[in-house]
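In what follows, a single structure is set out as structure tokens and then discussed.
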Protein chains: 2
Amino acid sequence: VNKLKQQQHPLDFVFKPRSVAVTGASPGKNGLMFLNCYINSGYKGKLYPINSRGEDVCGLKAYTSINELPEPVDFVMCCIPNTAVPEFIRACGDKGVKVVCVFTAGFSEAGTEEGRRLEMEVARAAREAGVRVVGPNCLGPYTPSLGLSYTVDFPRESGSLAFICQSGGNSVSTTREAAARGVRFSKVISYGNACEINECDLLEYLDQDDETRMVAIYIEGVRDGPRFHRTLARLCERKPVVMLKGGFTQAGGKAAASHTGSLAGSDLVLDGVLKQAGAIRVYSLEEMVDVLVTLYLLPRPRGRRVTIVGAGGGSTVLATDDWARNGFVLPQLPPAILEELRQSIPNEAGLILHNPVDLSMFAFGPNSEFFLTTLVNREDFADLTVCHQGFGQSGWIPSDTTEAVLDNAIDAYLKVKSKADRPMLVVLQHLVSGWDWQKGVEDVQKRCTAAGIPVYHSMFGAAKAVDTVLRYYERRNKGC
Amino acid sequence: VNKLKQQQHPLDFVFKPRSVAVTGASPGKNGLMFLNCYINSGYKGKLYPINSRGEDVCGLKAYTSINELPEPVDFVMCCIPNTAVPEFIRACGDKGVKVVCVFTAGFSEAGTEEGRRLEMEVARAAREAGVRVVGPNCLGPYTPSLGLSYTVDFPRESGSLAFICQSGGNSVSTTREAAARGVRFSKVISYGNACEINECDLLEYLDQDDETRMVAIYIEGVRDGPRFHRTLARLCERKPVVMLKGGFTQAGGKAAASHTGSLAGSDLVLDGVLKQAGAIRVYSLEEMVDVLVTLYLLPRPRGRRVTIVGAGGGSTVLATDDWARNGFVLPQLPPAILEELRQSIPNEAGLILHNPVDLSMFAFGPNSEFFLTTLVNREDFADLTVCHQGFGQSGWIPSDTTEAVLDNAIDAYLKVKSKADRPMLVVLQHLVSGWDWQKGVEDVQKRCTAAGIPVYHSMFGAAKAVDTVLRYYERRNKGC
């Protein structure tokens, strides 16, 4: 952990602590959950369990208090009862701890005078003790390069997306889904009520962080509007930013206050701030993942001409509607390509050789690779290739050939990707593939994303995300 | 098959044939696919395989031609080459066959002069021979009460939704998904190019069909505009109609022409026709299924006051936004209920006792039933209960308790349903539950739908569908 020795930024102690202590690390307690996750994710620094009886856990020597620790740790995960937190932070300050991350809830989000008072006390204790505080009411950092993770299933490999998320649950589901679709992270943080370290501190950190190439934000409330505007605008100049505001309706804003003690503010004002800064605004986690997958994995298409290639007449018609209504055009196939395709296939009904192309049952055979590569590798007639087909068993494909069908499809996609001179993406639709989704489709998705092919779960979602990202690039080019 | 003996409507021979012959019923041919599906779905009438060698298949005596059959069958599934179809229809007329369903493609949808001519010949042959024709380029009927199905996995039980669908693939995916979520069908038909029996004939049949209580339509082109308008308006007066127009964009319209030979027409005109008739228009298959599930399973809520109950702070905030932006309101919980809940639970942080309610980790315990029933069974403070929680394993729920968690959730949902004096629905989100979707969530869905609880896969989709259906009921009440 040589590189950890030179700390350059105060928040490096949040994302790259050299040592971590966990309170409440005993069976049945939340602290043990964190300790288990840190161990399982392969945390590279030193780990110190703390529990009231000093019972060793997970093969690690335990301590009964923060004072007892043999060194002033960089980071403490704090899972003690809410009323004890301010005192605990002062004790951490005495010990020389750099950061306390407070998992415990029951502060401003409780909506009580007592909760608000307690949260102000935490912030004051942090200031007075010289300790930085993440939370309360949060899960803390995930830094794959350091093997630090608060779940057992986030990827161990690093990437270049940073995600700051005010909700622990949303950070888990979004990170997991984006990871399953090929996105890798530099840093993720669930930061909760943000009583001390807030979203602006985090965004400033990510702005100067060389490992971070793009930023996603889930936020329920902004603590300091003007500073947020300045910070976001500066960050957007250097890195793409995708943001979801939770609680943007009046009722949702009230719910956000109960969740992270956030003050919602005017959504119109926020929308103006995001537009002026040049951030990409999304309205659901699904849309956020679609946009992140696009930014992360899809090379920038030079224009809006798409070739849609798939199997299924009706789904091809609907796919065309979905791309058309998101501003894309479907150019005609060049005559030379059409001729080559026509000569090499039987004159079988059901096969539609226009754009959109319906390969019909041929999509499931070994020839699909030929069709696809022929379609995408000749001439400059399109900017993007969209591949789709269902993998469910309707009885039309004998189940003993299902595996061969999946292999053919994946081979075709990978060959297209490796040979293509233009971006391509794959859409695997739950509704089209039906209940066999998990069995085969997860396999297709894994192998596609491993090869760097962006995968989407809805045709409309894919078209909308690519449109969103193209409009982002166009705005950037115009400098507005 | 006593009830089949009295045929009352000419199209009864389409949906309730007393006997079926299948051409091309030999290994490797499409006819065998249909034969297998009819046998596996338990078709109650007589089945006659036809193949060129007269080889018995599936334990059934086979015939070499339509002439050879021992009786004039009601329905023939025709899978012979396109150019031979007109002659075949005449032979069927000579034999006294009532209906020929043409699976074969390569007619007007091919976009060639030859294809168009051939399709006109089919229509003429049908008229002259006194045979009704379904298709060409289609999969034909699914009538569960008769055990007649063109897939191996559609439900055997009957229901009251009829679905006429111009695309075979879309009919399969939509029927399968709606069935998995508790909808059951009176009749489904994939009717292809509609060169003889068209959408108006089918809608008129469904209008007088007592087994059909509501109708779904996937259509790519209308053959006779004025008649369609009249027929739809009449049908809508008696039964709810949900319609998806495939190919409503310009590019999509071209794709539809290549798929079913349809002429798209003006989408503005169509939209006016649908509005005037009072049909519910949807724009994707996912949205169609959400609306059908709502119409089919959700008792009509008396108003727009929802209680949202789930687990996960962030997902609860986003759920609130989704319902609020679809026109719903979240009333406050009555003080008596709040008091009762507060007294019976530990003062645990994370639990949010407002509306929306975040049960946090309690949602996964045996107390969830108590919380839910307390929330929904007292006082008249809301019109609809929305339940949601994730079932993925993030490491926070030990995997050995997963089954207990699922059981607790299902028990709670079922108890709420059986005791509740107001409608309730369950949202199982793919993104929230992650990759464990298939394992546990399919089980939750199955048990919920078996109990008549509508299940949705997206919070926004659920809110939008309930809004759509409420607006439909409101229009009906106003008589417009």
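FYI, nothing fancy with the structure tokens labels: chains A, B, ... in order, residues from 1 per chain, ligands from 1 as they appear.
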- Query: Given a cut-off of 7 Å, which residues of chain B touch chain A, counting only C-alpha atoms, written out as a ChimeraX atom specification?
  - Reply: /B:33,105-106,151-153,167,169-170,173,177,246-249,251-252,255-256,258-259,312-315,317-318,320-321,324-325,330,349-350,352,356,394-396,431-432,434,438
- Hey, what does DSSP flag as strand (DSSP E) within segment 134-222 of chain B? Can you give it to me as number ranges by chain? B: 134, 140-142, 161-165, 185-190, 214-219
- Message: Restricting the calculation to only C-alpha atoms: of B:Arg238, B:Pro86, B:Asn51, B:Val416, which residue gets closest to Arg117 of chain B?
- Response: B:Pro86
- Item | Proximity to Asn40 of chain B - best of B:Arg156, B:His9, B:Arg300, B:Arg127, only C-alpha atoms | B:Arg156
When you look at Lys61 of chain A with a cut-off of 10 Å (counting only C-alpha atoms), what residues show up, excluding the ones that are within fewer than 2 positions of it in the same chain? I need them as an mmCIF file with N, CA, C and O atoms, in the first residue's frame.
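See result15.cif below for the written result:
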```cif
data_model
loop_
_atom_site.group_PDB
_atom_site.id
_atom_site.type_symbol
_atom_site.label_atom_id
_atom_site.label_comp_id
_atom_site.auth_asym_id
_atom_site.auth_seq_id
_atom_site.Cartn_x
_atom_site.Cartn_y
_atom_site.Cartn_z
ATOM 1 N N LEU A 47 -7.315 -3.695 9.179
ATOM 2 C CA LEU A 47 -8.696 -3.729 9.659
ATOM 3 C C LEU A 47 -8.729 -3.980 11.161
ATOM 4 O O LEU A 47 -8.104 -4.928 11.655
ATOM 5 N N TYR A 48 -9.480 -3.144 11.885
ATOM 6 C CA TYR A 48 -9.602 -3.298 13.328
ATOM 7 C C TYR A 48 -11.068 -3.412 13.747
ATOM 8 O O TYR A 48 -11.797 -2.424 13.700
ATOM 9 N N PRO A 49 -11.501 -4.611 14.150
ATOM 10 C CA PRO A 49 -12.863 -4.725 14.697
ATOM 11 C C PRO A 49 -12.920 -4.127 16.101
ATOM 12 O O PRO A 49 -11.966 -4.274 16.878
ATOM 13 N N ILE A 50 -14.030 -3.456 16.385
ATOM 14 C CA ILE A 50 -14.267 -2.962 17.742
ATOM 15 C C ILE A 50 -15.600 -3.530 18.214
ATOM 16 O O ILE A 50 -16.594 -3.451 17.493
ATOM 17 N N GLY A 54 -14.672 -7.089 23.225
ATOM 18 C CA GLY A 54 -13.320 -7.324 22.733
ATOM 19 C C GLY A 54 -13.133 -8.728 22.187
ATOM 20 O O GLY A 54 -12.031 -9.270 22.196
ATOM 21 N N GLU A 55 -14.243 -9.334 21.712
ATOM 22 C CA GLU A 55 -14.141 -10.695 21.165
ATOM 23 C C GLU A 55 -13.597 -10.656 19.746
ATOM 24 O O GLU A 55 -14.166 -9.970 18.886
ATOM 25 N N ASP A 56 -12.567 -11.427 19.483
ATOM 26 C CA ASP A 56 -12.008 -11.490 18.134
ATOM 27 C C ASP A 56 -13.076 -11.990 17.161
ATOM 28 O O ASP A 56 -13.839 -12.898 17.469
ATOM 29 N N VAL A 57 -13.127 -11.368 15.990
ATOM 30 C CA VAL A 57 -14.085 -11.806 14.960
ATOM 31 C C VAL A 57 -13.382 -11.933 13.619
ATOM 32 O O VAL A 57 -12.431 -11.206 13.326
ATOM 33 N N CYS A 58 -13.858 -12.889 12.822
ATOM 34 C CA CYS A 58 -13.332 -13.110 11.465
ATOM 35 C C CYS A 58 -11.812 -13.289 11.503
ATOM 36 O O CYS A 58 -11.105 -12.862 10.567
ATOM 37 N N GLY A 59 -11.311 -13.888 12.574
ATOM 38 C CA GLY A 59 -9.877 -14.116 12.665
ATOM 39 C C GLY A 59 -9.064 -12.862 12.926
ATOM 40 O O GLY A 59 -7.838 -12.856 12.804
ATOM 41 N N TYR A 63 -10.966 -4.938 19.499
ATOM 42 C CA TYR A 63 -10.674 -3.977 20.560
ATOM 43 C C TYR A 63 -11.989 -3.507 21.175
ATOM 44 O O TYR A 63 -13.030 -3.545 20.540
#
```
- Message: At a cut-off of 12 Å, using only C-alpha atoms, what residues contact Leu235 of chain B? Leave out same-chain residues fewer than 4 positions from it and give the result as JSON, numbers by chain.
- Response: {"B": [200, 201, 202, 203, 204, 205, 206, 207, 208, 209, 212, 213, 214, 215, 216, 228, 229, 230, 231, 239, 240, 241, 242, 274, 277, 278, 279]}
Export of the given selection (N, CA and C atoms) as a compact mmCIF listing (two decimals), in the first residue's frame:
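As written to disk, part_26.txt reads:
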```txt
# COMPACT_ATOMS: atom_id res chain seq x y z
N CYS B 200 -61.45 -5.97 -38.65
CA CYS B 200 -62.85 -5.61 -38.39
C CYS B 200 -63.69 -6.87 -38.17
N ASP B 201 -63.47 -7.88 -39.02
CA ASP B 201 -64.17 -9.15 -38.82
C ASP B 201 -63.90 -9.69 -37.42
N LEU B 202 -62.63 -9.61 -37.00
CA LEU B 202 -62.26 -10.16 -35.70
C LEU B 202 -62.88 -9.35 -34.57
N LEU B 203 -62.87 -8.01 -34.70
CA LEU B 203 -63.43 -7.17 -33.64
C LEU B 203 -64.94 -7.37 -33.54
N GLU B 204 -65.61 -7.52 -34.67
CA GLU B 204 -67.07 -7.77 -34.63
C GLU B 204 -67.36 -9.10 -33.95
N TYR B 205 -66.51 -10.08 -34.22
CA TYR B 205 -66.69 -11.38 -33.57
C TYR B 205 -66.53 -11.26 -32.06
N LEU B 206 -65.50 -10.53 -31.65
CA LEU B 206 -65.23 -10.40 -30.21
C LEU B 206 -66.31 -9.57 -29.51
N ASP B 207 -66.92 -8.66 -30.25
CA ASP B 207 -68.00 -7.83 -29.70
C ASP B 207 -69.15 -8.72 -29.24
N GLN B 208 -69.49 -9.73 -30.03
CA GLN B 208 -70.62 -10.60 -29.70
C GLN B 208 -70.20 -11.82 -28.89
N ASP B 209 -68.89 -11.94 -28.61
CA ASP B 209 -68.40 -13.13 -27.90
C ASP B 209 -68.55 -12.97 -26.39
N THR B 212 -65.57 -12.97 -23.95
CA THR B 212 -64.61 -11.86 -24.01
C THR B 212 -65.16 -10.64 -23.30
N ARG B 213 -64.41 -10.20 -22.27
CA ARG B 213 -64.83 -9.07 -21.46
C ARG B 213 -64.02 -7.82 -21.80
N MET B 214 -62.80 -8.01 -22.34
CA MET B 214 -61.97 -6.88 -22.76
C MET B 214 -61.10 -7.31 -23.93
N VAL B 215 -60.61 -6.32 -24.70
CA VAL B 215 -59.92 -6.64 -25.95
C VAL B 215 -58.61 -5.86 -26.05
N ALA B 216 -57.55 -6.57 -26.45
CA ALA B 216 -56.28 -5.91 -26.76
C ALA B 216 -56.00 -6.07 -28.25
N PHE B 228 -63.36 0.32 -39.78
CA PHE B 228 -62.61 0.14 -38.54
C PHE B 228 -63.12 1.12 -37.48
N HIS B 229 -63.32 2.36 -37.87
CA HIS B 229 -63.81 3.38 -36.95
C HIS B 229 -65.16 2.95 -36.35
N ARG B 230 -66.10 2.56 -37.21
CA ARG B 230 -67.43 2.13 -36.75
C ARG B 230 -67.34 0.93 -35.81
N THR B 231 -66.57 -0.07 -36.27
CA THR B 231 -66.47 -1.32 -35.50
C THR B 231 -65.86 -1.09 -34.13
N LYS B 239 -66.99 -2.94 -24.27
CA LYS B 239 -65.82 -3.57 -23.64
C LYS B 239 -64.62 -2.63 -23.72
N PRO B 240 -63.76 -2.64 -22.69
CA PRO B 240 -62.53 -1.84 -22.77
C PRO B 240 -61.63 -2.38 -23.88
N VAL B 241 -61.03 -1.47 -24.63
CA VAL B 241 -60.13 -1.86 -25.73
C VAL B 241 -58.79 -1.14 -25.55
N VAL B 242 -57.70 -1.91 -25.57
CA VAL B 242 -56.35 -1.35 -25.46
C VAL B 242 -55.64 -1.61 -26.78
N LEU B 274 -59.12 6.62 -32.42
CA LEU B 274 -59.04 5.92 -31.14
C LEU B 274 -59.66 6.76 -30.03
N ALA B 277 -63.45 6.85 -30.40
CA ALA B 277 -64.07 5.58 -30.06
C ALA B 277 -63.99 5.31 -28.57
N GLY B 278 -62.99 5.88 -27.90
CA GLY B 278 -62.82 5.64 -26.47
C GLY B 278 -61.88 4.48 -26.17
N ALA B 279 -61.00 4.15 -27.14
CA ALA B 279 -60.02 3.09 -26.89
C ALA B 279 -58.84 3.66 -26.10
```
Show which residues sit within 10 Å of Ser149 of chain A, as a PDB file with C-alpha atoms, in the first residue's frame. Count only C-alpha atoms, and ignore same-chain residues fewer than 5 positions away.
```pdb
ATOM      1  CA  PHE A  34     -19.324  -4.003   7.100  1.00  0.00           C
ATOM      2  CA  LEU A  35     -16.348  -5.963   8.414  1.00  0.00           C
ATOM      3  CA  ASN A  36     -17.403  -9.013   6.396  1.00  0.00           C
ATOM      4  CA  CYS A  37     -17.801  -6.937   3.256  1.00  0.00           C
ATOM      5  CA  TYR A  38     -14.386  -5.281   3.702  1.00  0.00           C
ATOM      6  CA  ILE A  39     -12.735  -8.670   4.201  1.00  0.00           C
ATOM      7  CA  ASN A  40     -14.587 -10.320   1.313  1.00  0.00           C
ATOM      8  CA  SER A  41     -13.833  -7.489  -1.080  1.00  0.00           C
ATOM      9  CA  GLY A  42     -10.148  -7.820  -0.263  1.00  0.00           C
ATOM     10  CA  TYR A  43      -9.442  -4.569   1.551  1.00  0.00           C
ATOM     11  CA  LEU A 139     -23.065   3.052   3.798  1.00  0.00           C
ATOM     12  CA  GLY A 140     -19.859   4.915   2.969  1.00  0.00           C
ATOM     13  CA  PRO A 141     -17.276   4.363   0.231  1.00  0.00           C
ATOM     14  CA  TYR A 142     -16.651   1.667  -2.371  1.00  0.00           C
ATOM     15  CA  THR A 143     -13.126   1.939  -3.774  1.00  0.00           C
ATOM     16  CA  PRO A 144     -12.371  -1.126  -5.883  1.00  0.00           C
ATOM     17  CA  PHE A 154     -19.541  -5.243  -6.473  1.00  0.00           C
ATOM     18  CA  PRO A 155     -16.717  -5.810  -9.000  1.00  0.00           C
ATOM     19  CA  ARG A 156     -13.154  -5.921  -7.761  1.00  0.00           C
ATOM     20  CA  LYS A 187     -15.200   5.475  -6.498  1.00  0.00           C
ATOM     21  CA  VAL A 188     -18.747   5.157  -5.208  1.00  0.00           C
ATOM     22  CA  ILE A 189     -20.036   6.712  -2.047  1.00  0.00           C
TER      23      ILE A 189
END
```
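The closest residue to Val455 of chain A, picked from A:Ala420, A:Asn408, A:Glu403, A:Leu292 and counting only C-alpha atoms, is A:Leu292.
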- Counting only C-alpha atoms, which of A:Arg476, A:Arg132, A:Lys417, A:Arg181 gets nearest to Val386 of chain A? A:Lys417
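Each of A:Met77, A:Val20, A:Ala84, A:Leu295 was checked against Leu146 of chain A using only C-alpha atoms; the smallest atom-to-atom distance is that of A:Val20.
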- Picked from segment 194-263 of chain B by DSSP as helix (DSSP H, G or I), as a ChimeraX atom specification: /B:199-208,225-238,250-260
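Nearest residue to His457 of chain B among B:Glu339, B:Glu121, B:Glu68, B:Asp290 is B:Asp290, counting only C-alpha atoms.
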Got a sec: who's within 8 Å of Leu297 of chain A, counting only C-alpha atoms, leaving out chain neighbours fewer than 6 positions off, as a tab-separated table (two decimals) with N, CA, C and O atoms, in the first residue's frame?
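out15.tsv was written with the following content:
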```
chain	number	residue	atom	x	y	z
A	182	GLY	N	-21.23	-3.82	-17.61
A	182	GLY	CA	-19.90	-3.48	-18.11
A	182	GLY	C	-19.29	-2.20	-17.60
A	182	GLY	O	-18.15	-1.89	-17.94
A	183	VAL	N	-20.01	-1.45	-16.77
A	183	VAL	CA	-19.43	-0.21	-16.23
A	183	VAL	C	-18.54	-0.56	-15.03
A	183	VAL	O	-18.89	-1.43	-14.23
A	452	GLY	N	-16.94	-5.43	-24.19
A	452	GLY	CA	-17.10	-3.98	-24.34
A	452	GLY	C	-18.31	-3.56	-25.14
A	452	GLY	O	-18.39	-2.42	-25.60
A	453	ILE	N	-19.26	-4.48	-25.35
A	453	ILE	CA	-20.47	-4.13	-26.09
A	453	ILE	C	-21.54	-3.65	-25.11
A	453	ILE	O	-21.87	-4.37	-24.17
A	454	PRO	N	-22.07	-2.45	-25.32
A	454	PRO	CA	-23.13	-2.00	-24.42
A	454	PRO	C	-24.42	-2.80	-24.62
A	454	PRO	O	-24.82	-3.07	-25.75
```
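Here atom CA of Leu270 of chain B and atom CA of Asn198 of chain B stand 16.9 Å from one another.
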